[in-house]
>>> print(open('target.txt').read())   # compact mmCIF, C-alpha atoms and all ligand atoms
# COMPACT_ATOMS: atom_id res chain seq x y z
CA MET A 1 -6.09 16.74 -0.48
CA SER A 2 -5.49 13.73 -2.69
CA LEU A 3 -2.91 13.95 -5.49
CA ILE A 4 -5.63 13.94 -8.14
CA GLU A 5 -9.22 15.02 -7.57
CA LEU A 6 -12.16 15.21 -9.94
CA HIS A 7 -15.12 17.06 -8.51
CA HIS A 8 -18.53 16.57 -10.14
CA VAL A 9 -17.06 16.43 -13.64
CA SER A 10 -19.49 16.38 -16.57
CA LYS A 11 -18.49 16.16 -20.22
CA ARG A 12 -20.58 15.79 -23.34
CA PHE A 13 -19.87 15.81 -27.05
CA GLY A 14 -22.99 17.19 -28.71
CA PRO A 15 -25.86 15.06 -27.47
CA LEU A 16 -23.55 12.34 -26.13
CA VAL A 17 -23.08 12.54 -22.35
CA VAL A 18 -19.74 10.84 -21.60
CA LEU A 19 -19.05 11.87 -18.00
CA ASN A 20 -21.99 12.67 -15.78
CA ASP A 21 -21.26 14.39 -12.47
CA LEU A 22 -18.31 12.10 -11.81
CA SER A 23 -16.14 12.51 -8.73
CA LEU A 24 -12.90 10.61 -8.06
CA ASN A 25 -9.95 11.07 -5.70
CA ILE A 26 -6.66 9.31 -6.39
CA GLU A 27 -3.98 9.08 -3.70
CA ALA A 28 -0.26 9.35 -4.38
CA GLY A 29 1.31 5.92 -4.79
CA GLN A 30 -1.95 4.24 -5.65
CA SER A 31 -2.33 1.81 -8.53
CA LEU A 32 -5.80 2.49 -9.85
CA VAL A 33 -7.45 0.49 -12.63
CA ILE A 34 -10.32 2.06 -14.54
CA LEU A 35 -12.62 -0.53 -16.10
CA GLY A 36 -15.40 0.06 -18.56
CA ALA A 37 -16.83 -1.08 -21.88
CA SER A 38 -15.53 0.35 -25.16
CA GLY A 39 -16.85 3.86 -25.60
CA SER A 40 -17.71 4.26 -21.92
CA GLY A 41 -15.41 7.29 -21.59
CA LYS A 42 -12.22 5.85 -20.10
CA SER A 43 -9.89 7.73 -22.45
CA VAL A 44 -11.95 10.89 -22.02
CA LEU A 45 -11.54 10.55 -18.26
CA LEU A 46 -7.74 10.17 -18.56
CA LYS A 47 -7.56 13.23 -20.79
CA HIS A 48 -9.31 15.29 -18.14
CA ILE A 49 -6.69 14.25 -15.59
CA VAL A 50 -3.86 15.74 -17.70
CA GLY A 51 -5.83 18.72 -18.96
CA LEU A 52 -6.06 17.54 -22.58
CA LEU A 53 -9.83 17.89 -22.27
CA ARG A 54 -11.75 20.30 -20.09
CA PRO A 55 -14.98 19.53 -18.29
CA ASP A 56 -18.23 21.28 -19.16
CA ARG A 57 -18.96 21.33 -15.46
CA GLY A 58 -16.95 20.42 -12.38
CA GLU A 59 -13.32 20.79 -11.39
CA VAL A 60 -10.06 18.89 -11.85
CA TRP A 61 -7.28 19.25 -9.29
CA PHE A 62 -3.68 18.02 -9.34
CA ASP A 63 -1.45 18.31 -6.29
CA GLY A 64 -3.41 21.17 -4.81
CA THR A 65 -3.79 23.15 -8.05
CA ARG A 66 -7.03 23.48 -9.97
CA ILE A 67 -5.99 22.61 -13.53
CA ASP A 68 -9.15 22.76 -15.65
CA THR A 69 -9.05 26.55 -15.70
CA LEU A 70 -5.33 26.86 -16.57
CA SER A 71 -4.03 27.97 -19.96
CA GLU A 72 -1.98 25.58 -22.09
CA ARG A 73 1.11 27.49 -21.05
CA GLN A 74 0.30 27.19 -17.36
CA LEU A 75 -0.43 23.48 -17.81
CA MET A 76 2.98 22.70 -19.30
CA PRO A 77 5.00 22.34 -16.08
CA LEU A 78 2.23 20.22 -14.55
CA ARG A 79 1.90 17.98 -17.58
CA ARG A 80 5.60 17.14 -17.38
CA ARG A 81 4.86 15.41 -14.10
CA PHE A 82 2.74 12.87 -16.00
CA GLY A 83 3.87 10.05 -18.23
CA PHE A 84 1.21 9.08 -20.73
CA LEU A 85 1.18 5.78 -22.59
CA PHE A 86 -1.42 6.53 -25.22
CA GLN A 87 -3.79 3.93 -26.55
CA MET A 88 -2.14 4.02 -29.97
CA GLY A 89 1.32 4.27 -28.37
CA ALA A 90 2.56 6.07 -31.46
CA LEU A 91 6.31 6.27 -31.92
CA PHE A 92 7.93 8.48 -34.53
CA ASP A 93 8.56 5.94 -37.26
CA SER A 94 11.35 7.92 -38.90
CA LEU A 95 13.35 8.20 -35.67
CA THR A 96 15.39 5.49 -34.03
CA VAL A 97 14.25 4.03 -30.72
CA ARG A 98 16.95 6.05 -28.98
CA GLU A 99 15.75 9.29 -30.60
CA ASN A 100 12.16 8.51 -29.68
CA VAL A 101 13.03 8.13 -26.01
CA ALA A 102 15.29 11.18 -26.10
CA PHE A 103 12.57 13.33 -27.64
CA PRO A 104 10.87 14.59 -24.46
CA LEU A 105 14.28 15.19 -22.86
CA ARG A 106 15.35 17.38 -25.78
CA GLU A 107 11.99 19.18 -25.88
CA HIS A 108 11.53 19.84 -22.19
CA THR A 109 14.95 19.98 -20.55
CA GLN A 110 18.27 21.77 -20.98
CA LYS A 111 20.26 18.56 -20.55
CA GLY A 112 23.29 17.98 -22.73
CA SER A 113 23.56 15.05 -25.14
CA GLU A 114 25.77 12.99 -22.84
CA GLU A 115 23.28 13.21 -19.99
CA ILE A 116 20.42 12.50 -22.38
CA GLY A 117 22.27 9.47 -23.75
CA ARG A 118 22.73 8.16 -20.24
CA LEU A 119 19.05 8.64 -19.36
CA VAL A 120 17.88 7.00 -22.59
CA LYS A 121 20.02 3.95 -21.83
CA GLN A 122 18.67 3.78 -18.31
CA LYS A 123 15.01 3.99 -19.46
CA LEU A 124 15.48 1.38 -22.18
CA ALA A 125 17.13 -0.94 -19.67
CA MET A 126 14.22 -0.38 -17.32
CA VAL A 127 11.72 -1.64 -19.92
CA GLY A 128 13.96 -4.60 -20.75
CA LEU A 129 15.22 -3.36 -24.13
CA PRO A 130 18.82 -2.33 -23.41
CA ASP A 131 19.99 -2.99 -26.97
CA ALA A 132 17.08 -1.52 -28.93
CA GLY A 133 18.48 2.03 -29.14
CA PRO A 134 19.80 1.94 -32.74
CA LYS A 135 16.74 0.12 -34.14
CA MET A 136 13.88 1.69 -36.05
CA PRO A 137 10.35 1.24 -34.63
CA GLY A 138 9.37 -0.72 -37.75
CA GLU A 139 11.83 -3.46 -36.79
CA LEU A 140 10.12 -4.08 -33.45
CA SER A 141 7.16 -6.22 -32.44
CA GLY A 142 3.97 -4.64 -31.09
CA GLY A 143 4.94 -5.49 -27.53
CA GLN A 144 8.41 -4.03 -27.95
CA ARG A 145 6.98 -0.83 -29.42
CA LYS A 146 4.72 -0.50 -26.38
CA ARG A 147 7.78 -0.86 -24.16
CA VAL A 148 9.68 1.80 -26.10
CA ALA A 149 6.64 4.09 -25.76
CA LEU A 150 6.74 3.36 -22.05
CA ALA A 151 10.46 4.20 -21.88
CA ARG A 152 9.59 7.50 -23.54
CA ALA A 153 6.70 8.07 -21.11
CA ILE A 154 9.07 7.73 -18.13
CA ALA A 155 11.90 9.74 -19.69
CA LEU A 156 11.17 12.86 -17.69
CA GLY A 157 10.77 10.99 -14.40
CA PRO A 158 7.01 11.37 -13.99
CA GLU A 159 5.15 11.14 -10.69
CA VAL A 160 2.04 9.74 -12.33
CA ILE A 161 1.90 7.27 -15.21
CA LEU A 162 -1.31 6.94 -17.21
CA TYR A 163 -1.71 3.77 -19.24
CA ASP A 164 -4.47 3.70 -21.82
CA GLU A 165 -5.20 0.05 -22.65
CA PRO A 166 -1.54 -0.97 -22.48
CA THR A 167 -2.14 -4.63 -23.31
CA THR A 168 -4.73 -4.30 -26.08
CA GLY A 169 -3.62 -6.18 -29.19
CA LEU A 170 -0.89 -8.12 -27.39
CA ASP A 171 -0.92 -11.87 -26.84
CA PRO A 172 -1.17 -13.12 -23.22
CA ILE A 173 2.58 -13.52 -22.75
CA ARG A 174 3.42 -10.07 -24.09
CA SER A 175 0.55 -8.65 -22.06
CA ASP A 176 2.07 -10.13 -18.97
CA VAL A 177 5.42 -8.53 -19.74
CA ILE A 178 3.63 -5.18 -19.76
CA ASN A 179 1.81 -6.00 -16.51
CA GLU A 180 5.08 -6.89 -14.85
CA LEU A 181 6.58 -3.65 -16.10
CA ILE A 182 3.72 -1.63 -14.66
CA LEU A 183 4.34 -3.29 -11.29
CA LYS A 184 8.08 -2.78 -11.55
CA LEU A 185 7.78 0.93 -12.34
CA GLN A 186 5.28 1.29 -9.52
CA ARG A 187 7.80 -0.29 -7.16
CA GLU A 188 11.03 1.25 -8.38
CA LEU A 189 9.87 4.74 -9.28
CA ASN A 190 7.24 5.12 -6.56
CA VAL A 191 4.81 6.47 -9.10
CA THR A 192 1.05 6.71 -9.01
CA SER A 193 -0.35 4.47 -11.74
CA ILE A 194 -3.67 4.86 -13.50
CA VAL A 195 -4.41 2.00 -15.85
CA VAL A 196 -7.36 1.93 -18.23
CA THR A 197 -8.10 -1.57 -19.41
CA HIS A 198 -10.75 -4.10 -20.26
CA ASP A 199 -8.26 -6.92 -19.83
CA MET A 200 -9.41 -8.41 -16.53
CA GLN A 201 -6.31 -10.51 -16.02
CA SER A 202 -4.19 -7.40 -16.33
CA ALA A 203 -6.54 -5.45 -14.08
CA PHE A 204 -6.37 -7.95 -11.24
CA LYS A 205 -2.62 -8.21 -11.55
CA VAL A 206 -1.77 -4.53 -11.26
CA ALA A 207 -4.59 -2.89 -9.28
CA ASP A 208 -4.75 -2.05 -5.64
CA ARG A 209 -8.00 -0.22 -6.37
CA MET A 210 -10.51 -0.57 -9.19
CA VAL A 211 -13.32 1.61 -10.44
CA MET A 212 -15.74 0.94 -13.26
CA LEU A 213 -17.15 3.57 -15.55
CA HIS A 214 -20.68 3.02 -16.82
CA GLU A 215 -23.04 5.58 -18.33
CA GLY A 216 -20.93 8.49 -17.19
CA LYS A 217 -20.59 7.41 -13.59
CA LEU A 218 -18.42 5.18 -11.44
CA ILE A 219 -20.59 2.23 -10.51
CA ILE A 220 -18.06 0.53 -8.27
CA ASP A 221 -14.95 1.61 -6.39
CA GLY A 222 -12.92 -0.65 -4.16
CA PRO A 223 -10.10 -3.16 -3.76
CA PRO A 224 -9.87 -5.94 -6.36
CA ALA A 225 -11.61 -8.41 -4.06
CA ALA A 226 -14.66 -6.14 -3.89
CA ILE A 227 -14.88 -6.11 -7.67
CA ARG A 228 -14.42 -9.87 -7.91
CA ASN A 229 -17.18 -10.43 -5.38
CA SER A 230 -19.50 -7.66 -6.53
CA ASP A 231 -23.15 -8.59 -6.94
CA ASP A 232 -23.83 -5.68 -9.28
CA PRO A 233 -24.95 -7.46 -12.48
CA ILE A 234 -23.11 -4.99 -14.75
CA VAL A 235 -19.83 -5.47 -12.88
CA ARG A 236 -20.28 -9.23 -12.72
CA ARG A 237 -20.87 -9.55 -16.44
CA PHE A 238 -17.90 -7.34 -17.21
CA VAL A 239 -15.57 -9.33 -14.97
CA ALA A 240 -16.81 -12.63 -16.40
CA GLY A 241 -16.77 -11.31 -19.98
CA GLU A 242 -20.36 -12.37 -20.62
CA ALA A 243 -22.75 -10.72 -23.05
CA ASN A 244 -26.34 -10.09 -22.04
CA GLU A 245 -29.36 -11.01 -24.16
CA GLN A 246 -29.54 -7.63 -25.79
CA GLU A 247 -25.87 -7.78 -26.79
CA LEU A 248 -26.27 -11.31 -28.15
CA ALA A 249 -29.34 -10.29 -30.13
CA SER A 250 -27.42 -7.43 -31.71
CA LEU A 251 -25.08 -9.96 -33.34
CA GLU A 252 -27.84 -11.71 -35.26
N1 LIG A 301 -13.08 14.59 -29.09
C1 LIG A 301 -14.24 13.92 -29.20
N2 LIG A 301 -15.26 14.39 -29.92
C2 LIG A 301 -16.43 13.75 -30.02
N3 LIG A 301 -16.69 12.58 -29.40
C3 LIG A 301 -15.72 12.04 -28.66
C4 LIG A 301 -14.44 12.67 -28.52
N4 LIG A 301 -13.67 11.91 -27.72
C5 LIG A 301 -14.42 10.84 -27.38
N5 LIG A 301 -15.64 10.92 -27.94
C6 LIG A 301 -16.74 9.95 -27.76
O1 LIG A 301 -16.92 9.77 -26.36
C7 LIG A 301 -17.21 8.41 -26.06
C8 LIG A 301 -16.19 7.89 -25.06
O2 LIG A 301 -14.94 7.79 -25.71
P1 LIG A 301 -13.65 7.16 -25.06
O3 LIG A 301 -13.35 7.84 -23.77
O4 LIG A 301 -12.61 7.18 -26.10
O5 LIG A 301 -14.14 5.66 -24.76
P2 LIG A 301 -13.27 4.46 -24.17
O6 LIG A 301 -13.92 4.07 -22.87
O7 LIG A 301 -13.41 3.36 -25.17
O8 LIG A 301 -11.87 4.94 -24.01
C9 LIG A 301 -17.20 7.67 -27.39
O9 LIG A 301 -18.53 7.54 -27.83
C10 LIG A 301 -16.39 8.57 -28.30
O10 LIG A 301 -16.81 8.43 -29.63
MG MG A 302 -10.13 4.49 -24.92
>>> encode(input="target.txt", output="structure tokens")
Amino acid sequence: MSLIELHHVSKRFGPLVVLNDLSLNIEAGQSLVILGASGSGKSVLLKHIVGLLRPDRGEVWFDGTRIDTLSERQLMPLRRRFGFLFQMGALFDSLTVRENVAFPLREHTQKGSEEIGRLVKQKLAMVGLPDAGPKMPGELSGGQRKRVALARAIALGPEVILYDEPTTGLDPIRSDVINELILKLQRELNVTSIVVTHDMQSAFKVADRMVMLHEGKLIIDGPPAAIRNSDDPIVRRFVAGEANEQELASLE
């Protein structure tokens, strides 16, 4: 079995079909990028992988266990094996950076404060913010806040890191810092990375495999070169960032 498997997953919200009989296997150690237009269901897909949403039909498996039928309580130990950098990357604004990163360690482990302090330092150093511990989130830039959220996401030593649009809202330089961090964590922690993005530069930098979600299905799946050279018009337009006539007309 692969580390993560989605079997014929369908999900709708009322009349809106978001995932339509979608199947996807993700191997341990892979760096998978999920592409797709806004609203195509990328975040919904990620939430199925960690059991935050359940499919209407189909199955979700993680490391040999079917997870879509588990209770919240049964999911807990599995969810700890994931680090999740949410789209909004929300930090607790009333806590220091150090307390933010320590939070999952206090919640989910029995570690003492010395050990926690050591781990927090290590994680902040890993994201390139060794001195940020005493600061408040409000004192940081958007890119720095993302990095603190990433330090928090890796606090428990996850096997899989899910990144939901990690570079959105960042300028190209700060985006590249995040891309480099994704690669570094991939290398140094041997994690499986799943990155949702519509930033093509970021996608090509971090992916060893790319899929694209469109109308509830994966319309392409392959190495970056296959996406770059795809002759599927939907993929080509997405990669080139070009609107079609219908999209242009909708602006008038
Ligand atoms: N909990 C929910 N309830 C109702 N609709 C939802 C919910 N979550 C997502 N959606 C809808 O599903 C579609 C896909 O959402 P999402 O996965 O967030 O898209 P994106 O690809 O931009 O991440 C959107 O139309 C969104 O409004
Ligand atoms: Mg999203």
>>> closest_residue(input="target.txt", among="A:Leu78, A:Ile173, A:Ala155, A:Val148", to="Glu115 in chain A", atoms="only C-alpha atoms")
A:Ala155
>>> closest_atom_pairs(input="target.txt", of="chain A", to="ligand LIG 301 (chain A)", cutoff="7 Å", atoms="all atoms listed in the file", output="tab-separated table")
residue	atom	partner	partner_atom	distance
A:Phe13	CA	A:LIG301	C2	5.0
A:Val18	CA	A:LIG301	O1	5.6
A:Gly36	CA	A:LIG301	O6	6.1
A:Ala37	CA	A:LIG301	O6	6.0
A:Ser38	CA	A:LIG301	O7	3.7
A:Gly39	CA	A:LIG301	O5	3.4
A:Ser40	CA	A:LIG301	O6	3.9
A:Gly41	CA	A:LIG301	O3	3.0
A:Lys42	CA	A:LIG301	O6	3.7
A:Ser43	CA	A:LIG301	O3	3.7
A:Val44	CA	A:LIG301	O3	3.8
A:Leu45	CA	A:LIG301	O3	6.4
>>> write_last_selection(input="target.txt", atoms="C-alpha atoms", output="CSV table (one decimal), keeping the file's coordinate frame")
chain,number,residue,atom,x,y,z
A,13,PHE,CA,-19.9,15.8,-27.0
A,18,VAL,CA,-19.7,10.8,-21.6
A,36,GLY,CA,-15.4,0.1,-18.6
A,37,ALA,CA,-16.8,-1.1,-21.9
A,38,SER,CA,-15.5,0.4,-25.2
A,39,GLY,CA,-16.8,3.9,-25.6
A,40,SER,CA,-17.7,4.3,-21.9
A,41,GLY,CA,-15.4,7.3,-21.6
A,42,LYS,CA,-12.2,5.8,-20.1
A,43,SER,CA,-9.9,7.7,-22.4
A,44,VAL,CA,-12.0,10.9,-22.0
A,45,LEU,CA,-11.5,10.6,-18.3
>>> closest_residue(input="target.txt", among="A:Glu114, A:Asp56, A:Glu139, A:Glu159", to="Leu3 in chain A", atoms="all atoms listed in the file")
A:Glu159
>>> atom_distance(input="target.txt", atom1="CA of Phe86 in chain A", atom2="CA of Asp68 in chain A")
20.4 Å
>>> residues_around(input="target.txt", residues="range 196-206 of chain A", least_positions_apart="4", cutoff="6 Å", atoms="all atoms listed in the file", output="number ranges by chain")
A: 33-35, 164-165
>>> closest_residue(input="target.txt", among="A:Leu181, A:Leu22, A:Ala207, A:Leu213", to="ligand MG 302 (chain A)", atoms="only C-alpha atoms and all ligand atoms")
A:Leu213
>>> residues_around(input="target.txt", residues="Leu150 in chain A", least_positions_apart="3", cutoff="8 Å", atoms="all atoms listed in the file", output="MDAnalysis selection string")
chainID A and resid 85 127 146:147 153:154
>>> closest_residue(input="target.txt", among="A:Leu53, A:Arg98, A:Pro137, A:Trp61", to="Ser23 in chain A", atoms="only C-alpha atoms")
A:Trp61
>>> closest_residue(input="target.txt", among="A:Gly51, A:Val101, A:Ile194, A:Ala149", to="Met76 in chain A", atoms="all atoms listed in the file")
A:Gly51
>>> closest_residue(input="target.txt", among="A:Gln122, A:Asn190, A:Thr168, A:Ser2", to="Asn25 in chain A", atoms="all atoms listed in the file")
A:Ser2
>>> residues_around(input="target.txt", residues="Ser193 in chain A", least_positions_apart="4", cutoff="7 Å", atoms="all atoms listed in the file", output="list in words")
Gln30, Ser31, Leu32, Val160, Ile161, Leu162 and Gln186 of chain A
>>> write_last_selection(input="target.txt", atoms="C-alpha atoms", output="tab-separated table (two decimals), in the frame of the given file")
chain	number	residue	atom	x	y	z
A	30	GLN	CA	-1.95	4.24	-5.65
A	31	SER	CA	-2.33	1.81	-8.53
A	32	LEU	CA	-5.80	2.49	-9.85
A	160	VAL	CA	2.04	9.74	-12.33
A	161	ILE	CA	1.90	7.27	-15.21
A	162	LEU	CA	-1.31	6.94	-17.21
A	186	GLN	CA	5.28	1.29	-9.52
>>> residues_around(input="target.txt", residues="Ala102 in chain A", least_positions_apart="4", cutoff="12 Å", atoms="only C-alpha atoms", output="PyMOL selection string")
chain A and resi 91-92+95-98+106-109+111-124+133+148-149+151-156
>>> residues_around(input="target.txt", residues="Leu189 in chain A", least_positions_apart="4", cutoff="9 Å", atoms="all atoms listed in the file", output="list in words")
Gly157, Pro158, Glu159, Lys184 and Leu185 of chain A
>>> residues_near_point(input="target.txt", point="(-17.9, 20.7, -12.2)", cutoff="9 Å", atoms="only C-alpha atoms", output="ChimeraX atom specification")
/A:6-10,21-22,55-60
>>> atom_distance(input="target.txt", atom1="CA of Gln144 in chain A", atom2="CA of Val177 in chain A")
9.8 Å
>>> axis_aligned_box(input="target.txt", around="range 118-128 of chain A", padding_each_side="8 Å", output="lines of an AutoDock Vina configuration file")
center_x = 17.2
center_y = 2.0
center_z = -20.0
size_x = 27.0
size_y = 29.2
size_z = 21.3
